[in-house]
>>> print(open('model-v8.txt').read())   # compact mmCIF, C-alpha atoms
# COMPACT_ATOMS: atom_id res chain seq x y z
CA MET A 1 14.71 39.67 -30.93
CA SER A 2 14.20 36.57 -33.01
CA ALA A 3 12.07 33.57 -32.11
CA ALA A 4 15.25 31.63 -31.32
CA THR A 5 16.01 34.14 -28.57
CA TYR A 6 12.76 33.24 -26.83
CA LEU A 7 12.96 29.53 -27.60
CA THR A 8 16.20 29.12 -25.65
CA PHE A 9 14.49 30.62 -22.60
CA VAL A 10 11.36 28.48 -23.05
CA GLY A 11 13.58 25.42 -23.46
CA ARG A 12 15.39 26.21 -20.21
CA LEU A 13 12.05 26.75 -18.50
CA PHE A 14 10.80 23.35 -19.72
CA VAL A 15 13.99 21.72 -18.41
CA GLY A 16 14.19 23.52 -15.06
CA LEU A 17 10.55 23.48 -13.94
CA PRO A 18 10.04 19.70 -13.92
CA PHE A 19 13.24 19.25 -11.95
CA MET A 20 12.12 21.87 -9.42
CA VAL A 21 8.71 20.20 -9.05
CA SER A 22 10.43 16.84 -8.58
CA GLY A 23 12.66 18.31 -5.88
CA LEU A 24 9.71 19.89 -4.09
CA SER A 25 7.83 16.58 -4.22
CA LYS A 26 10.81 14.97 -2.47
CA VAL A 27 10.62 17.61 0.27
CA ALA A 28 6.90 16.81 0.69
CA ASN A 29 7.46 13.04 0.82
CA TYR A 30 10.55 12.31 2.90
CA ALA A 31 9.61 8.73 3.85
CA GLY A 32 8.65 7.73 0.32
CA THR A 33 11.76 9.25 -1.17
CA ILE A 34 14.03 7.58 1.38
CA ALA A 35 12.31 4.23 0.69
CA LEU A 36 12.88 4.68 -3.06
CA ILE A 37 16.55 5.53 -2.52
CA GLU A 38 16.98 2.50 -0.24
CA SER A 39 15.49 0.25 -2.94
CA SER A 40 18.02 1.48 -5.51
CA THR A 41 21.62 0.47 -6.11
CA LEU A 42 22.90 3.96 -5.28
CA PRO A 43 26.07 3.62 -3.17
CA LEU A 44 25.29 6.59 -0.90
CA PRO A 45 23.57 6.79 2.48
CA PRO A 46 19.89 7.55 1.77
CA PRO A 47 19.78 10.78 3.84
CA LEU A 48 22.79 12.14 1.92
CA ALA A 49 21.28 11.13 -1.42
CA TYR A 50 17.97 12.73 -0.37
CA VAL A 51 19.57 16.09 0.45
CA GLY A 52 21.75 15.94 -2.66
CA ALA A 53 18.82 15.20 -4.96
CA ILE A 54 16.81 18.07 -3.53
CA ALA A 55 19.75 20.47 -3.83
CA VAL A 56 20.41 19.45 -7.43
CA GLU A 57 16.79 19.42 -8.57
CA ILE A 58 15.65 22.65 -6.91
CA GLY A 59 18.91 24.60 -7.00
CA CYS A 60 20.07 23.66 -10.45
CA GLY A 61 16.49 23.82 -11.76
CA LEU A 62 16.26 27.45 -10.65
CA PHE A 63 19.68 28.29 -12.07
CA VAL A 64 18.82 26.73 -15.45
CA ILE A 65 15.60 28.75 -15.61
CA LEU A 66 17.40 31.98 -14.68
CA GLY A 67 20.28 31.18 -17.02
CA TYR A 68 22.92 31.54 -14.32
CA GLN A 69 26.14 29.50 -14.57
CA THR A 70 24.11 27.57 -17.11
CA ARG A 71 26.82 25.42 -18.66
CA ILE A 72 28.07 24.26 -15.26
CA VAL A 73 24.56 23.62 -13.96
CA ALA A 74 23.54 21.73 -17.12
CA THR A 75 26.66 19.56 -16.75
CA ILE A 76 25.66 18.74 -13.16
CA PHE A 77 22.14 17.90 -14.34
CA ALA A 78 23.46 15.69 -17.16
CA LEU A 79 25.58 13.72 -14.68
CA PHE A 80 22.60 13.54 -12.30
CA CYS A 81 20.40 12.13 -15.09
CA LEU A 82 23.00 9.53 -16.03
CA ALA A 83 23.44 8.49 -12.39
CA THR A 84 19.68 8.27 -11.96
CA ALA A 85 19.41 6.09 -15.06
CA VAL A 86 22.14 3.72 -13.88
CA PHE A 87 21.23 3.47 -10.18
CA PHE A 88 17.43 3.65 -10.37
CA HIS A 89 16.33 2.48 -13.83
CA ALA A 90 18.79 -0.20 -15.00
CA HIS A 91 16.27 -3.03 -14.52
CA PHE A 92 16.07 -4.04 -18.16
CA SER A 93 13.63 -6.90 -17.60
CA ASP A 94 10.97 -4.28 -16.73
CA PRO A 95 9.66 -2.32 -19.76
CA ASN A 96 8.68 0.62 -17.52
CA GLN A 97 12.26 0.88 -16.22
CA ILE A 98 13.61 0.67 -19.78
CA PHE A 99 11.34 3.61 -20.65
CA HIS A 100 12.67 5.66 -17.70
CA PHE A 101 16.27 4.69 -18.50
CA ILE A 102 15.83 5.94 -22.08
CA LYS A 103 14.02 9.08 -20.84
CA ASN A 104 17.03 9.91 -18.68
CA LEU A 105 19.35 9.45 -21.67
CA ILE A 106 17.14 11.81 -23.70
CA MET A 107 17.22 14.41 -20.92
CA THR A 108 21.00 14.06 -20.78
CA GLY A 109 21.17 14.75 -24.52
CA GLY A 110 19.07 17.90 -24.15
CA LEU A 111 21.18 19.08 -21.23
CA LEU A 112 24.35 18.54 -23.26
CA GLN A 113 22.85 20.86 -25.89
CA ILE A 114 22.60 23.52 -23.19
CA VAL A 115 26.20 22.81 -22.17
CA ALA A 116 27.32 23.22 -25.79
CA ASN A 117 25.23 26.28 -26.67
CA GLY A 118 24.87 28.15 -23.39
CA ALA A 119 21.85 29.92 -21.95
CA GLY A 120 21.00 32.26 -24.79
CA ALA A 121 20.23 35.98 -24.76
CA ILE A 122 17.49 35.95 -22.11
CA SER A 123 19.67 34.91 -19.19
CA ILE A 124 21.74 36.18 -16.32
CA ASP A 125 24.82 34.70 -18.03
CA SER A 126 24.20 36.88 -21.10
CA TRP A 127 23.58 39.97 -18.97
CA LEU A 128 26.78 39.37 -16.99
CA PHE A 129 28.78 38.81 -20.18
CA LYS A 130 27.48 42.03 -21.70
CA SER A 131 28.12 43.98 -18.48
CA GLN A 132 31.69 42.68 -18.26
CA ALA A 133 32.34 43.39 -21.93
CA GLN A 134 31.01 46.96 -21.60
CA ALA A 135 33.12 47.54 -18.50
CA ALA A 136 36.15 46.41 -20.49
CA GLY A 137 35.21 48.71 -23.36
CA THR A 138 34.42 45.88 -25.78
CA LYS A 139 31.52 46.28 -28.19
CA VAL A 140 28.91 43.50 -27.77
CA ALA A 141 26.51 42.47 -30.52
CA ALA A 142 22.78 42.63 -29.72
CA GLY A 143 20.85 39.41 -28.99
>>> encode(input="model-v8.txt", output="structure tokens")
Amino acid sequence: MSAATYLTFVGRLFVGLPFMVSGLSKVANYAGTIALIESSTLPLPPPLAYVGAIAVEIGCGLFVILGYQTRIVATIFALFCLATAVFFHAHFSDPNQIFHFIKNLIMTGGLLQIVANGAGAISIDSWLFKSQAQAAGTKVAAG
């Protein structure tokens, strides 16, 4: 296997882990997270947004790391990052919020690379594809 084979997995790990940690921190700090959601311009009831954020960050984070349904999950994450930028960080008079807005755009760009290129060879998606191709009698290239 080439270095690129491992780099796609490491890249997914570096995307998924911070989201999972963020989701777990929300579980540990219900009151603080609800207060943050209430202070935003998000047009959802805070308890719904709280549960949704945890589901997206922990669930999709795990799926990105495992490389399962990766293109779909990365699309959900990209939309989540854009929504977070717009509803939580669009206070352009505050340099810190500008930084976080741009950070979310950068994360969206990285996630769109995953959408475009898929999970790579070290993933459940790749394993499933190879298994399905072998069951159909199609030869699959290594890596």
>>> closest_residue(input="model-v8.txt", among="A:Gly32, A:Gly120, A:Gly137, A:Gly52", to="Leu7 of chain A", atoms="all atoms listed in the file")
A:Gly120
>>> atom_distance(input="model-v8.txt", atom1="atom CA of Ser22 of chain A", atom2="atom CA of Phe77 of chain A")
13.1 Å
>>> closest_residue(input="model-v8.txt", among="A:Met107, A:Leu44, A:Leu66, A:Ala121", to="Phe87 of chain A", atoms="all atoms listed in the file")
A:Leu44
>>> residues_around(input="model-v8.txt", residues="Thr8 of chain A", least_positions_apart="2", cutoff="10 Å", atoms="all atoms listed in the file", output="ChimeraX atom specification")
/A:3-6,10-14,67,114,117-123
>>> atom_distance(input="model-v8.txt", atom1="atom CA of Tyr50 of chain A", atom2="atom CA of Lys26 of chain A")
7.8 Å
>>> residues_around(input="model-v8.txt", residues="His91 of chain A", least_positions_apart="3", cutoff="12 Å", atoms="only C-alpha atoms", output="JSON, numbers by chain")
{"A": [40, 41, 85, 86, 87, 88, 94, 95, 96, 97, 98, 99, 100, 101, 102]}
